[in-house]
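First comes the structure, then the notes that go with it.
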Amino acid sequence: MEFCGSHTTSIMKNGLRQLLPPNIRMVSGPGCPVCVTDNADLDKAIALAGVPGVVLLTFGDMMKVPGSRSSLEKARAEGADVRIVYSALNALQIARDTPWRPVVLVGIGFETTAPTIAASLLQAQHEGIENYFVLSLHKVCPPAIQSLLELEGVQLQGLICPGHVSAITGSLAWDFVADRYHVPCVVAGFEPMDILQSINMLVEQVERGESKVEIAYRRGVRREGNPKALELMDMVFEPSEARWRGLGVVPGSGLALREAFARFDAGLVFDIDAGPTMSPAGCICGAILMGVKAPPECRLFGKACTPAAPVGPCMVSSEGSCSAYYLYGEACV
Amino acid sequence: MSERILLAHGSGGKLARELVEGSILSELSNPLLARLDDSAVLEVSGKLAFTTDSYVVNPIFFPGGDIGRLAVCGTVNDLSMMGAVPLFLSLALILEEGLARDDLVEIIKSVKQASEESGVSVVTGDTKVVGRGSADKLYINTAGIGVVAGDVEISGSRARPGDRIVINGPIGDHGMAVLSSREGFSFSSLLKSDCAPLNGLVADMLAVSRRINCLRDPTRGGLATTLNEIAVQSGAGIIIDEARIPVRDEVRAACEMLGLDPLHVANEGKLVAVVDAEDAEVVVERMRANPYGREAAIIGEVEPERPGKVVMRTRLGSSRIVDMLVGDPLPRIC
């Protein structure tokens with residue numbers, strides 16, 4: 001399995017599946033932060049956009065993702081002030097420029113995004129900025145991989161570990177996968193040759209009957225990760241439970257703001273009623289995220305659900321499996 | 001502080017006249033425009049090509065050009081893609097109250113320069129001013145008229161199996177230049193829009209071959225969208241080679257950072273030509289002699305299989321579908 005959505009996209013975009021022998025089957029995992037965001041959390045973000053005066057900031061991929069009843073894109077068309085930002089520091093600058101308006105950043109992402117958001121909150125605290133808020137929907141990967149490995153029907157012979165996440169966590173974050181679950185692990189970069197090399201290393205481990213954590217992405221990842229980034233995360237966030245689409249509630253897989261940062265916590269500061277959560281009928285994004293089903297097995301795939309009119313998040317995000325299969329679909333090549 | 005555009009500049013009264021004469025006619029004047037009648041009366045013979053486009057790019061000044069140059073080049077190129085010789089343009093301006101007059105003057109100077117370069121005259125125009133917030137600084141609409149030679153037949157529906165796909169240079173420059181200058185990315189200084197009038201290049205191409213079957217400028221939606229349009233209109237398949245598609249390193253790097261595909265990023269000085277196999281080399285050679293075709297290359301061909309689809313052979317030897325752009329990751333780039 002490649003856990004990370006960027007790996008899935010690179011595999012599909014470069015047609016790597018066609019180059020692999022038939023006895024190697026790649027399974028796409030849940031490593032797309034947009035895709036695993038639960039509808040209840042999406043609804044919260046959309047409801048925040050509707051609070052009078054609020055400027056809601058989001059990373060681009062989130063705009064189109066359908067929640068229970070609406071999307072940020074639709075909320076914007078209906079008059080909400082929703083803007084796309086490219087970094088947390090960009091968001092902080094908007095808060096500085098419009099001190100009379102509450103500015104809320106929807107914090108979605110894994111260990112790669114969380115440190116920069118932590119840095120923006122520390123900076124906001126330092127400068128005494130009072131109108132900057134974060135809705136923290138961040139997630140961390142290791143607990144999710146653990147729950148995935150515990151799921152029935154998931155049998156992996158090798159795991160391509162996420163490259164950017166490992167740059168922060170270090171490759172040691174995956175030791176438990178090799179030690180406790182005996183699944184070979186290789187941390188990979190995102191170029192097609194990086195991925196092919198990591199597959200080769202996994203096959204060699206399987207052939208030798210080993211399971212250990214190797215790095216095929218030494219230009220980006222160290223065993224101990226990035227201690228400075230981990231320290232920033234730890235100063236601002238604490239582990240919490242989080243709900244993953246497909247996996248359900250995973251203890252310790254979320255990042256909540258620590259009490260010292262409660263005044264920046266949009267989930268606490270704003271009184272929002274997101275209404276009851278609903279899921280679209282027929283969408284199997286959950287099973288696809290777990291690698292139990294492949295996108296073409298969904299009866300909505302390519303028919304009722306396309307990137308132009310997505311039903312589930314995996315069709316929207318540029319890292320989503322359904323989008324990668326649809327855009328680069330090798331079915332007809 | 002520079003003088004600002006006021007609502008009164010659009011009133012049709014004295015101030016309006018002063019603005020038009022002082023900042024627009026002074027730059028663009030030619031005998032047809034100088035008459036200032038209600039319409040321009042033109043003498044033209046032959047088959048006419050007629051097109052219009054509106055320009056709302058943000059920011060109005062970007063590395064490699066501005067909205068004025070874009071408004072001329074975009075319409076000149078739309079005419080050129082039909083094999084027409086562009087002759088006349090209209091220029092309609094919608095100004096936001098508060099626009100710096102110096103900015104307007106600079107943009108009109110660009111209009112003048114681009115129209116001189118492409119040999120077209122602005123023969124009619126209009127200026128309106130709307131209240132602050134009702135427009136964003138400045139919008140431009142241009143319409144253009146050109147003449148098509150009797151034996152030129154170019155259309156997106158004429159691609160035939162065996163034809164070669166030709167491009168005149170690296171893709172994605174315009175979209176990435178505008179996006180990065182708008183967002184203030186630190187790599188913005190490396191990127192420059194390719195905004196350019198292509199009528200001279202097209203004339204050069206037509207001088208060596210009349211078997212240029214389709215011409216199209218891959219603007220919004222990029223090369224991928226244009227090739228898909230041609231594949232669908234012609235009912236043929238298109239196969240392109242990743243290794244032969246020119247992309248500048250800085251554009252590739254910026255795209256990678258932002259999760260964009262250069263195939264989907266807009267160009268404003270590029271054309272895709274579908275050329276009969278026998279003529280393709282000659283056409284490319286001639287293109288390379290033109291400043292806007294130095295890096296021209298054959299990037300693929302039309303095939304009978306998979307009608308309506310575009311497929312790319314990757315550097316690794318695998319292949320994948322190239323789809324049209326969905327949605328708009330880069331709003332207001334032209």
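Going by the structure tokens order, chains are called A, B, ..., each with residues numbered from 1, while ligands are numbered from 1 in the order shown.
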
Taking the DSSP secondary structure from the backbone, can you list the residues of region 36-114 of chain A that are strand (DSSP E or B), as an mmCIF file with N, CA and C atoms, in the first residue's frame?
```cif
data_model
loop_
_atom_site.group_PDB
_atom_site.id
_atom_site.type_symbol
_atom_site.label_atom_id
_atom_site.label_comp_id
_atom_site.auth_asym_id
_atom_site.auth_seq_id
_atom_site.Cartn_x
_atom_site.Cartn_y
_atom_site.Cartn_z
ATOM 1 N N THR A 37 -11.282 13.872 5.898
ATOM 2 C CA THR A 37 -12.027 14.785 6.765
ATOM 3 C C THR A 37 -13.500 14.383 6.772
ATOM 4 N N VAL A 55 -14.108 36.071 8.024
ATOM 5 C CA VAL A 55 -13.362 35.760 6.803
ATOM 6 C C VAL A 55 -12.860 34.334 6.990
ATOM 7 N N LEU A 56 -13.298 33.411 6.144
ATOM 8 C CA LEU A 56 -12.883 32.021 6.290
ATOM 9 C C LEU A 56 -11.786 31.711 5.283
ATOM 10 N N LEU A 57 -10.660 31.228 5.787
ATOM 11 C CA LEU A 57 -9.530 30.941 4.907
ATOM 12 C C LEU A 57 -9.329 29.432 4.816
ATOM 13 N N THR A 58 -9.028 28.979 3.621
ATOM 14 C CA THR A 58 -8.858 27.541 3.434
ATOM 15 C C THR A 58 -7.799 27.280 2.379
ATOM 16 N N ASP A 81 -17.599 35.169 2.948
ATOM 17 C CA ASP A 81 -16.261 35.625 2.527
ATOM 18 C C ASP A 81 -15.290 34.462 2.738
ATOM 19 N N VAL A 82 -15.150 33.624 1.709
ATOM 20 C CA VAL A 82 -14.255 32.466 1.789
ATOM 21 C C VAL A 82 -13.095 32.724 0.843
ATOM 22 N N ARG A 83 -11.874 32.619 1.341
ATOM 23 C CA ARG A 83 -10.710 32.898 0.488
ATOM 24 C C ARG A 83 -9.712 31.750 0.560
ATOM 25 N N ILE A 84 -9.015 31.566 -0.552
ATOM 26 C CA ILE A 84 -7.990 30.526 -0.605
ATOM 27 C C ILE A 84 -6.652 31.115 -0.185
ATOM 28 N N VAL A 103 -10.835 36.368 11.540
ATOM 29 C CA VAL A 103 -10.253 35.616 10.425
ATOM 30 C C VAL A 103 -10.026 34.180 10.893
ATOM 31 N N VAL A 104 -10.691 33.238 10.242
ATOM 32 C CA VAL A 104 -10.627 31.838 10.675
ATOM 33 C C VAL A 104 -9.953 30.988 9.600
ATOM 34 N N LEU A 105 -8.909 30.289 9.983
ATOM 35 C CA LEU A 105 -8.235 29.373 9.058
ATOM 36 C C LEU A 105 -8.720 27.950 9.346
ATOM 37 N N VAL A 106 -9.174 27.273 8.285
ATOM 38 C CA VAL A 106 -9.548 25.873 8.441
ATOM 39 C C VAL A 106 -8.251 25.062 8.378
ATOM 40 N N GLY A 107 -7.853 24.518 9.530
ATOM 41 C CA GLY A 107 -6.568 23.815 9.606
ATOM 42 C C GLY A 107 -6.755 22.347 9.255
#
```

- Task: With a cut-off of 12 Å and counting only C-alpha atoms, select all residues of chain B in contact with chain A and give the selection as an NGL selection string.
- Result: :B and (179-180 or 182-185 or 224 or 237-239 or 242 or 256-261 or 305-331)

- Counting only C-alpha atoms, which of B:Ala236, B:Val208, B:Ile140, B:Val44 gets nearest to Leu95 (chain B)?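 With only C-alpha atoms as the atom set, the closest residue is B:Ile140.
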
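When only C-alpha atoms are used to compute distances to Gly98 (chain B), the closest of the residues B:Glu3, B:Leu79, B:Ile145, B:Gly150 turns out to be B:Glu3.
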
- Counting only C-alpha atoms, the residue of A:Ala119, A:Ile11, A:Val203, A:Met278 that sits nearest Leu42 (chain A):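 Smallest distance to Leu42 (chain A) is found for A:Met278.
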
- If you measure from CA of His264 (chain B) to CA of Leu223 (chain B), what distance in Å do you get, rounded to one decimal?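 Between CA of His264 (chain B) and CA of Leu223 (chain B) the gap works out to 6.2 Å.
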
- Task: Can you work out which one of A:Ser323, A:Leu151, A:Trp244, A:Gly158 has the shortest atom-to-atom distance to Val206 (chain A), counting only C-alpha atoms?
- Result: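 Closest residue, counting only C-alpha atoms: A:Gly158.
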
- Which parts of region 117-311 of chain A does DSSP call helix (DSSP H, G or I) when run on the backbone here, written out as a count of residues only? 83

- Nearby residues (only C-alpha atoms) at most 8 Å from region 52-65 of chain B, same-chain spacing under 6 positions excluded, as JSON, numbers by chain: {"B": [71, 74, 75, 137, 138, 139, 140, 141, 142, 143, 144, 177, 178, 181, 182, 189, 191, 192, 193, 194, 195, 332, 333, 334]}

Output for the residues just chosen: N, CA and C atoms as a PDB file, in the first residue's frame:
```
ATOM      1  N   ALA B  71      -4.922  42.346 -23.980  1.00  0.00           N
ATOM      2  CA  ALA B  71      -6.181  42.582 -24.686  1.00  0.00           C
ATOM      3  C   ALA B  71      -5.967  42.671 -26.196  1.00  0.00           C
ATOM      4  N   GLY B  74      -4.496  38.816 -27.248  1.00  0.00           N
ATOM      5  CA  GLY B  74      -5.512  37.768 -27.156  1.00  0.00           C
ATOM      6  C   GLY B  74      -6.426  37.778 -28.364  1.00  0.00           C
ATOM      7  N   THR B  75      -6.875  38.954 -28.754  1.00  0.00           N
ATOM      8  CA  THR B  75      -7.813  39.049 -29.868  1.00  0.00           C
ATOM      9  C   THR B  75      -7.100  38.865 -31.207  1.00  0.00           C
ATOM     10  N   LYS B 137     -10.359  47.628 -10.688  1.00  0.00           N
ATOM     11  CA  LYS B 137      -9.404  48.510 -11.385  1.00  0.00           C
ATOM     12  C   LYS B 137      -9.768  48.769 -12.839  1.00  0.00           C
ATOM     13  N   LEU B 138      -9.712  47.723 -13.661  1.00  0.00           N
ATOM     14  CA  LEU B 138      -9.855  47.979 -15.093  1.00  0.00           C
ATOM     15  C   LEU B 138     -10.188  46.690 -15.827  1.00  0.00           C
ATOM     16  N   TYR B 139     -11.243  46.698 -16.592  1.00  0.00           N
ATOM     17  CA  TYR B 139     -11.553  45.579 -17.479  1.00  0.00           C
ATOM     18  C   TYR B 139     -11.493  46.094 -18.922  1.00  0.00           C
ATOM     19  N   ILE B 140     -11.111  45.209 -19.834  1.00  0.00           N
ATOM     20  CA  ILE B 140     -11.040  45.606 -21.244  1.00  0.00           C
ATOM     21  C   ILE B 140     -11.771  44.576 -22.088  1.00  0.00           C
ATOM     22  N   ASN B 141     -12.538  45.055 -23.052  1.00  0.00           N
ATOM     23  CA  ASN B 141     -13.057  44.162 -24.087  1.00  0.00           C
ATOM     24  C   ASN B 141     -12.487  44.628 -25.415  1.00  0.00           C
ATOM     25  N   THR B 142     -12.004  43.670 -26.194  1.00  0.00           N
ATOM     26  CA  THR B 142     -11.606  44.006 -27.558  1.00  0.00           C
ATOM     27  C   THR B 142     -12.347  43.083 -28.507  1.00  0.00           C
ATOM     28  N   ALA B 143     -12.740  43.616 -29.659  1.00  0.00           N
ATOM     29  CA  ALA B 143     -13.257  42.778 -30.741  1.00  0.00           C
ATOM     30  C   ALA B 143     -12.313  43.001 -31.907  1.00  0.00           C
ATOM     31  N   GLY B 144     -12.208  42.032 -32.793  1.00  0.00           N
ATOM     32  CA  GLY B 144     -11.255  42.171 -33.892  1.00  0.00           C
ATOM     33  C   GLY B 144     -11.820  41.637 -35.197  1.00  0.00           C
ATOM     34  N   ALA B 177       3.202  32.953 -14.184  1.00  0.00           N
ATOM     35  CA  ALA B 177       3.696  34.318 -13.933  1.00  0.00           C
ATOM     36  C   ALA B 177       2.613  35.143 -13.240  1.00  0.00           C
ATOM     37  N   VAL B 178       1.382  35.048 -13.739  1.00  0.00           N
ATOM     38  CA  VAL B 178       0.298  35.847 -13.167  1.00  0.00           C
ATOM     39  C   VAL B 178      -0.015  35.368 -11.751  1.00  0.00           C
ATOM     40  N   SER B 181       2.843  36.294  -9.310  1.00  0.00           N
ATOM     41  CA  SER B 181       2.975  37.716  -8.979  1.00  0.00           C
ATOM     42  C   SER B 181       1.780  38.161  -8.139  1.00  0.00           C
ATOM     43  N   ARG B 182       0.620  37.553  -8.392  1.00  0.00           N
ATOM     44  CA  ARG B 182      -0.553  37.917  -7.594  1.00  0.00           C
ATOM     45  C   ARG B 182      -0.407  37.466  -6.145  1.00  0.00           C
ATOM     46  N   SER B 189       9.915  36.216  -9.347  1.00  0.00           N
ATOM     47  CA  SER B 189      10.810  36.980 -10.209  1.00  0.00           C
ATOM     48  C   SER B 189      11.368  36.135 -11.351  1.00  0.00           C
ATOM     49  N   LEU B 191       9.628  34.042 -13.196  1.00  0.00           N
ATOM     50  CA  LEU B 191       8.615  33.680 -14.181  1.00  0.00           C
ATOM     51  C   LEU B 191       8.166  34.910 -14.955  1.00  0.00           C
ATOM     52  N   LYS B 192       7.930  34.722 -16.259  1.00  0.00           N
ATOM     53  CA  LYS B 192       7.529  35.836 -17.104  1.00  0.00           C
ATOM     54  C   LYS B 192       6.449  35.352 -18.063  1.00  0.00           C
ATOM     55  N   SER B 193       5.388  36.142 -18.219  1.00  0.00           N
ATOM     56  CA  SER B 193       4.331  35.764 -19.154  1.00  0.00           C
ATOM     57  C   SER B 193       4.873  35.706 -20.576  1.00  0.00           C
ATOM     58  N   ASP B 194       4.295  34.807 -21.384  1.00  0.00           N
ATOM     59  CA  ASP B 194       4.715  34.683 -22.781  1.00  0.00           C
ATOM     60  C   ASP B 194       3.838  35.523 -23.718  1.00  0.00           C
ATOM     61  N   CYS B 195       2.978  36.376 -23.136  1.00  0.00           N
ATOM     62  CA  CYS B 195       2.004  37.176 -23.877  1.00  0.00           C
ATOM     63  C   CYS B 195       2.619  37.805 -25.148  1.00  0.00           C
ATOM     64  N   ARG B 332      -9.057  34.289 -12.995  1.00  0.00           N
ATOM     65  CA  ARG B 332      -8.694  35.632 -13.486  1.00  0.00           C
ATOM     66  C   ARG B 332      -7.236  35.760 -13.907  1.00  0.00           C
ATOM     67  N   ILE B 333      -6.852  34.917 -14.835  1.00  0.00           N
ATOM     68  CA  ILE B 333      -5.491  35.029 -15.345  1.00  0.00           C
ATOM     69  C   ILE B 333      -5.467  35.699 -16.697  1.00  0.00           C
ATOM     70  N   CYS B 334      -6.648  35.998 -17.279  1.00  0.00           N
ATOM     71  CA  CYS B 334      -6.632  36.716 -18.558  1.00  0.00           C
ATOM     72  C   CYS B 334      -7.888  37.579 -18.680  1.00  0.00           C
TER      73      CYS B 334
END
```

Need the shell around region 224-236 of chain A: protein/DNA/RNA residues with any atom at most 6 Å away, counting only C-alpha atoms. Skip same-chain ones fewer than 6 positions apart. Format as a PDB file with N, CA and C atoms, in the first residue's frame?
```pdb
ATOM      1  N   PRO A 115       2.934  21.919  11.731  1.00  0.00           N
ATOM      2  CA  PRO A 115       3.971  22.789  12.306  1.00  0.00           C
ATOM      3  C   PRO A 115       3.871  24.245  11.833  1.00  0.00           C
ATOM      4  N   ALA A 118       1.109  25.796  13.718  1.00  0.00           N
ATOM      5  CA  ALA A 118       1.586  26.044  15.092  1.00  0.00           C
ATOM      6  C   ALA A 118       2.435  27.314  15.120  1.00  0.00           C
ATOM      7  N   ALA A 167       9.332  13.401   6.736  1.00  0.00           N
ATOM      8  CA  ALA A 167      10.329  14.464   6.879  1.00  0.00           C
ATOM      9  C   ALA A 167      10.162  15.129   8.245  1.00  0.00           C
ATOM     10  N   ILE A 168       8.934  15.185   8.743  1.00  0.00           N
ATOM     11  CA  ILE A 168       8.661  15.762  10.065  1.00  0.00           C
ATOM     12  C   ILE A 168       8.820  14.694  11.155  1.00  0.00           C
ATOM     13  N   THR A 169       8.109  13.567  10.997  1.00  0.00           N
ATOM     14  CA  THR A 169       8.062  12.577  12.091  1.00  0.00           C
ATOM     15  C   THR A 169       9.347  11.765  12.182  1.00  0.00           C
ATOM     16  N   GLY A 170      10.075  11.673  11.064  1.00  0.00           N
ATOM     17  CA  GLY A 170      11.207  10.757  11.007  1.00  0.00           C
ATOM     18  C   GLY A 170      10.717   9.368  10.644  1.00  0.00           C
ATOM     19  N   LEU A 257      -5.995  22.144  19.965  1.00  0.00           N
ATOM     20  CA  LEU A 257      -5.182  23.234  20.509  1.00  0.00           C
ATOM     21  C   LEU A 257      -5.069  23.068  22.024  1.00  0.00           C
ATOM     22  N   ARG A 258      -3.889  23.279  22.546  1.00  0.00           N
ATOM     23  CA  ARG A 258      -3.700  23.219  23.998  1.00  0.00           C
ATOM     24  C   ARG A 258      -4.457  24.364  24.669  1.00  0.00           C
TER      25      ARG A 258
END
```

- Best match for closeness to Ala47 (chain A) among A:Asn200, A:Ser28, A:Ser71, A:Gln123, counting only C-alpha atoms: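 Closest candidate: A:Ser71.
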
- In Å, how far is it from CA of Gly163 (chain A) to CA of Val187 (chain A)?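 Taking CA of Gly163 (chain A) and CA of Val187 (chain A), their separation equals 5.8 Å.
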
- Item | Long-range neighbours of Ile230 (chain B) as a list in words, 10 Å cut-off, only C-alpha atoms, 3 positions minimum in chain |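 Close residues of Ile230 (chain B): Ser155, Gly156, Ser157, Arg158, Ala159, Cys214, Leu215, Arg216, Thr225, Thr226, Leu227, Gln233, Ser234, Gly235, Ala236, Gly237, Ile238, Val272, Val274, Val302, Gly308, Lys309 and Val310 of chain B.
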